[in-house]
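Student: Please read through the structure below; I'll follow up with questions.
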Amino acid sequence: MNAKTPHEILRTHFGFDTFRGPQQQIIEHVLQRQHALVIMPTGMGKSLCYQIPALAIAAESAEGDKQPITLVLSPLIALMKDQVDSLQQKGIKATFINSSLRKHERENRYNGVSDGRYSLLYVTPERFRKQEFLDVIANRDVKLLAVDEAHCISEWGHDFRPDYTRLSELRAIMHNPPTIALTATATPE
């Protein structure tokens with residue numbers, strides 16, 4: 001694939017001419033393989049802060065290389081579906097795997113992930129409990145981990161999900177990719 005700049009991806013896939021607020025700075029930081037914690041109000045374009053790097057990383061991969069993938073941890077099945085539907089309408093190779101899928105659909109998506117058909121994969125952190133998922137993800141080069149709705153990490157928050165406390169373990173399974181955590185809600189805890 002031909003490498004694309006973040007601005008080219010922004011224009012081509014998302015239809016915007018300029019970045020909003022700190023988006024460009026965050027994207028450049030992530031593309032330098034640095035971790036990031038992004039706290040931005042709802043509607044300010046947090047998702048672009050990992051979606052654009054995901055597409056830039058995918059565009060950089062050489063033919064024959066183990067295809068890179070960006071893994072997105074998301075706590076909500078409906079949010080995953082909405083984001084993936086929107087990305088697919090833009091011609092972006094994205095999918096989700098969660099409990100809403102029938103076994104046949106899930107197996108087809110696992111095959112697609114293994115075959116390198118997707119640049120972005122949305123899952124809940126609980127998916128890492130499934131050996132079949134671990135086997136599939138072992139065949140891909142996870143270049144970026146995005147933790148959406150990162151406030152779920154805090155055991156003090158109202159949305160606490162115990163599997164979010166396993167993030168360091170999950171990152172190790174994926175060979176510690178750069179990680180971007182995003183939320184509109186952040187307390188000091």
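Letters A, B, ... go to the chains of the structure tokens in the order shown; residues in each chain start at 1; ligands are counted from 1 in the same order.
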Where in segment 1-64 of chain A does DSSP assign alpha helix (DSSP H), given as an MDAnalysis selection string?

Tutor: chainID A and resid 6:14 23:31 48:60

Student: Would you mind exporting N, CA, C and O atoms of the selected residues as a tab-separated table (two decimals), in the first residue's frame?

Tutor:
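What ended up in again.tsv:
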chain	number	residue	atom	x	y	z
A	6	PRO	N	-1.69	11.73	7.69
A	6	PRO	CA	-2.93	11.90	8.45
A	6	PRO	C	-3.90	12.87	7.77
A	6	PRO	O	-5.11	12.63	7.77
A	7	HIS	N	-3.38	13.97	7.17
A	7	HIS	CA	-4.27	14.91	6.49
A	7	HIS	C	-4.96	14.27	5.30
A	7	HIS	O	-6.15	14.51	5.05
A	8	GLU	N	-4.22	13.47	4.52
A	8	GLU	CA	-4.83	12.78	3.38
A	8	GLU	C	-5.92	11.83	3.84
A	8	GLU	O	-7.00	11.75	3.24
A	9	ILE	N	-5.67	11.10	4.92
A	9	ILE	CA	-6.67	10.18	5.46
A	9	ILE	C	-7.88	10.95	5.97
A	9	ILE	O	-9.02	10.55	5.72
A	10	LEU	N	-7.64	12.05	6.65
A	10	LEU	CA	-8.74	12.88	7.16
A	10	LEU	C	-9.65	13.33	6.02
A	10	LEU	O	-10.88	13.23	6.11
A	11	ARG	N	-9.04	13.80	4.93
A	11	ARG	CA	-9.82	14.28	3.78
A	11	ARG	C	-10.49	13.13	3.03
A	11	ARG	O	-11.69	13.17	2.75
A	12	THR	N	-9.70	12.12	2.70
A	12	THR	CA	-10.18	11.02	1.86
A	12	THR	C	-11.28	10.21	2.52
A	12	THR	O	-12.31	9.92	1.91
A	13	HIS	N	-11.06	9.80	3.77
A	13	HIS	CA	-11.99	8.89	4.42
A	13	HIS	C	-13.06	9.57	5.27
A	13	HIS	O	-14.16	9.04	5.42
A	14	PHE	N	-12.72	10.73	5.82
A	14	PHE	CA	-13.65	11.34	6.77
A	14	PHE	C	-14.26	12.65	6.27
A	14	PHE	O	-15.17	13.19	6.88
A	23	GLN	N	-6.44	17.16	17.94
A	23	GLN	CA	-6.42	15.90	17.19
A	23	GLN	C	-5.09	15.65	16.48
A	23	GLN	O	-4.53	14.56	16.58
A	24	GLN	N	-4.61	16.62	15.72
A	24	GLN	CA	-3.39	16.42	14.94
A	24	GLN	C	-2.21	16.09	15.85
A	24	GLN	O	-1.44	15.18	15.57
A	25	GLN	N	-2.07	16.82	16.94
A	25	GLN	CA	-0.98	16.60	17.88
A	25	GLN	C	-1.06	15.18	18.47
A	25	GLN	O	-0.05	14.48	18.58
A	26	ILE	N	-2.25	14.74	18.83
A	26	ILE	CA	-2.45	13.41	19.40
A	26	ILE	C	-2.11	12.34	18.36
A	26	ILE	O	-1.40	11.37	18.64
A	27	ILE	N	-2.60	12.51	17.13
A	27	ILE	CA	-2.35	11.55	16.06
A	27	ILE	C	-0.86	11.42	15.78
A	27	ILE	O	-0.33	10.31	15.65
A	28	GLU	N	-0.16	12.54	15.69
A	28	GLU	CA	1.28	12.51	15.44
A	28	GLU	C	2.01	11.82	16.59
A	28	GLU	O	2.94	11.03	16.37
A	29	HIS	N	1.58	12.07	17.81
A	29	HIS	CA	2.17	11.44	18.99
A	29	HIS	C	2.01	9.91	18.91
A	29	HIS	O	2.96	9.17	19.14
A	30	VAL	N	0.81	9.47	18.58
A	30	VAL	CA	0.52	8.03	18.48
A	30	VAL	C	1.31	7.41	17.34
A	30	VAL	O	1.83	6.29	17.47
A	31	LEU	N	1.42	8.11	16.22
A	31	LEU	CA	2.18	7.58	15.08
A	31	LEU	C	3.68	7.49	15.37
A	31	LEU	O	4.39	6.77	14.69
A	48	LEU	N	-11.29	9.70	15.94
A	48	LEU	CA	-10.32	9.96	14.86
A	48	LEU	C	-8.89	9.87	15.36
A	48	LEU	O	-7.98	9.59	14.59
A	49	CYS	N	-8.69	10.08	16.66
A	49	CYS	CA	-7.34	10.06	17.23
A	49	CYS	C	-6.71	8.66	17.19
A	49	CYS	O	-5.50	8.53	17.29
A	50	TYR	N	-7.53	7.61	17.06
A	50	TYR	CA	-6.97	6.27	16.84
A	50	TYR	C	-7.32	5.72	15.46
A	50	TYR	O	-6.58	4.92	14.91
A	51	GLN	N	-8.44	6.16	14.88
A	51	GLN	CA	-8.81	5.64	13.56
A	51	GLN	C	-7.84	6.09	12.47
A	51	GLN	O	-7.45	5.29	11.61
A	52	ILE	N	-7.43	7.35	12.51
A	52	ILE	CA	-6.48	7.84	11.51
A	52	ILE	C	-5.12	7.16	11.66
A	52	ILE	O	-4.57	6.67	10.66
A	53	PRO	N	-4.56	7.03	12.87
A	53	PRO	CA	-3.32	6.25	12.98
A	53	PRO	C	-3.48	4.81	12.51
A	53	PRO	O	-2.58	4.25	11.88
A	54	ALA	N	-4.63	4.20	12.79
A	54	ALA	CA	-4.86	2.82	12.34
A	54	ALA	C	-4.75	2.72	10.82
A	54	ALA	O	-4.13	1.79	10.29
A	55	LEU	N	-5.33	3.67	10.12
A	55	LEU	CA	-5.29	3.64	8.66
A	55	LEU	C	-3.90	3.97	8.14
A	55	LEU	O	-3.45	3.39	7.13
A	56	ALA	N	-3.20	4.88	8.80
A	56	ALA	CA	-1.83	5.22	8.39
A	56	ALA	C	-0.92	4.01	8.59
A	56	ALA	O	-0.09	3.70	7.71
A	57	ILE	N	-1.08	3.31	9.69
A	57	ILE	CA	-0.27	2.11	9.97
A	57	ILE	C	-0.56	1.03	8.93
A	57	ILE	O	0.35	0.40	8.41
A	58	ALA	N	-1.83	0.83	8.62
A	58	ALA	CA	-2.20	-0.18	7.62
A	58	ALA	C	-1.63	0.17	6.26
A	58	ALA	O	-1.17	-0.71	5.51
A	59	ALA	N	-1.62	1.46	5.91
A	59	ALA	CA	-1.12	1.89	4.60
A	59	ALA	C	0.40	1.70	4.49
A	59	ALA	O	0.92	1.53	3.39
A	60	GLU	N	1.10	1.73	5.62
A	60	GLU	CA	2.55	1.58	5.61
A	60	GLU	C	3.01	0.14	5.45
A	60	GLU	O	4.17	-0.09	5.15

Student: Which residues are close to Ile77 of chain A, i.e. within 8 Å by only C-alpha atoms, leaving aside same-chain residues fewer than 6 positions away? Reply as number ranges by chain.

Tutor: A: 98, 100, 124

Student: Could you give me the residues within chain A that DSSP places in strand (DSSP E or B), as a list in words?

Tutor: Ala36, Leu37, Val38, Ile39, Pro68, Ile69, Thr70, Leu71, Val72, Leu73, Ala94, Thr95, Phe96, Leu120, Leu121, Tyr122, Val123, Asp141, Val142, Lys143, Leu144, Leu145, Ala146, Val147, Thr179, Ile180, Ala181, Leu182 and Thr183 of chain A

Student: So which residues touch Gly116 of chain A within 9 Å, counting only C-alpha atoms, skipping near sequence neighbours fewer than 6 positions away, as a list in words?

Tutor: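 Result of the neighbour search: Lys66, Gln67, Pro68, Ile69, Asn139 and Arg140 of chain A.
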
Student: Using all heavy atoms, can you export the residues from the last selection as a compact mmCIF listing (two decimals), in the first residue's frame?

Tutor:
# COMPACT_ATOMS: atom_id res chain seq x y z
N LYS A 66 3.22 -9.54 7.80
CA LYS A 66 2.10 -9.88 8.66
C LYS A 66 1.28 -8.59 8.80
O LYS A 66 1.78 -7.57 9.24
CB LYS A 66 2.63 -10.34 10.02
CG LYS A 66 1.62 -10.97 10.91
CD LYS A 66 2.32 -11.49 12.16
CE LYS A 66 1.40 -12.30 13.00
NZ LYS A 66 2.08 -12.77 14.22
N GLN A 67 0.03 -8.62 8.38
CA GLN A 67 -0.77 -7.41 8.32
C GLN A 67 -1.02 -6.82 9.70
O GLN A 67 -1.45 -7.51 10.61
CB GLN A 67 -2.11 -7.69 7.63
CG GLN A 67 -1.98 -7.93 6.15
CD GLN A 67 -1.42 -6.70 5.45
OE1 GLN A 67 -1.99 -5.64 5.49
NE2 GLN A 67 -0.27 -6.86 4.83
N PRO A 68 -0.75 -5.53 9.86
CA PRO A 68 -0.99 -4.88 11.14
C PRO A 68 -2.48 -4.66 11.37
O PRO A 68 -3.27 -4.61 10.43
CB PRO A 68 -0.26 -3.55 11.01
CG PRO A 68 -0.30 -3.26 9.55
CD PRO A 68 -0.21 -4.60 8.87
N ILE A 69 -2.82 -4.56 12.63
CA ILE A 69 -4.21 -4.29 12.99
C ILE A 69 -4.23 -3.38 14.21
O ILE A 69 -3.30 -3.40 15.02
CB ILE A 69 -4.98 -5.61 13.28
CG1 ILE A 69 -6.49 -5.37 13.34
CG2 ILE A 69 -4.46 -6.31 14.52
CD1 ILE A 69 -7.32 -6.63 13.29
N ASN A 139 -2.13 -14.32 15.35
CA ASN A 139 -1.73 -14.32 13.95
C ASN A 139 -1.63 -12.93 13.35
O ASN A 139 -1.33 -12.79 12.17
CB ASN A 139 -2.72 -15.15 13.10
CG ASN A 139 -2.66 -16.61 13.44
OD1 ASN A 139 -1.59 -17.14 13.72
ND2 ASN A 139 -3.80 -17.26 13.44
N ARG A 140 -1.92 -11.90 14.13
CA ARG A 140 -1.88 -10.54 13.63
C ARG A 140 -0.86 -9.73 14.40
O ARG A 140 -0.51 -10.05 15.52
CB ARG A 140 -3.27 -9.88 13.76
CG ARG A 140 -4.35 -10.48 12.88
CD ARG A 140 -4.08 -10.35 11.38
NE ARG A 140 -3.99 -8.99 10.92
CZ ARG A 140 -5.01 -8.23 10.57
NH1 ARG A 140 -6.24 -8.69 10.62
NH2 ARG A 140 -4.82 -7.00 10.16

Student: When you count only C-alpha atoms, which of these residues is closest to Gly15 of chain A: A:Phe96, A:Lys90, A:His35, A:Lys46?

Tutor: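 Of all the options, A:Lys90 lies closest to Gly15 of chain A.
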
Student: Just the residues within 7 Å of Val84 of chain A, please, counting only C-alpha atoms, with nothing from its chain fewer than 4 positions along; format it as a PyMOL selection string.

Tutor: chain A and resi 80+88+94-96
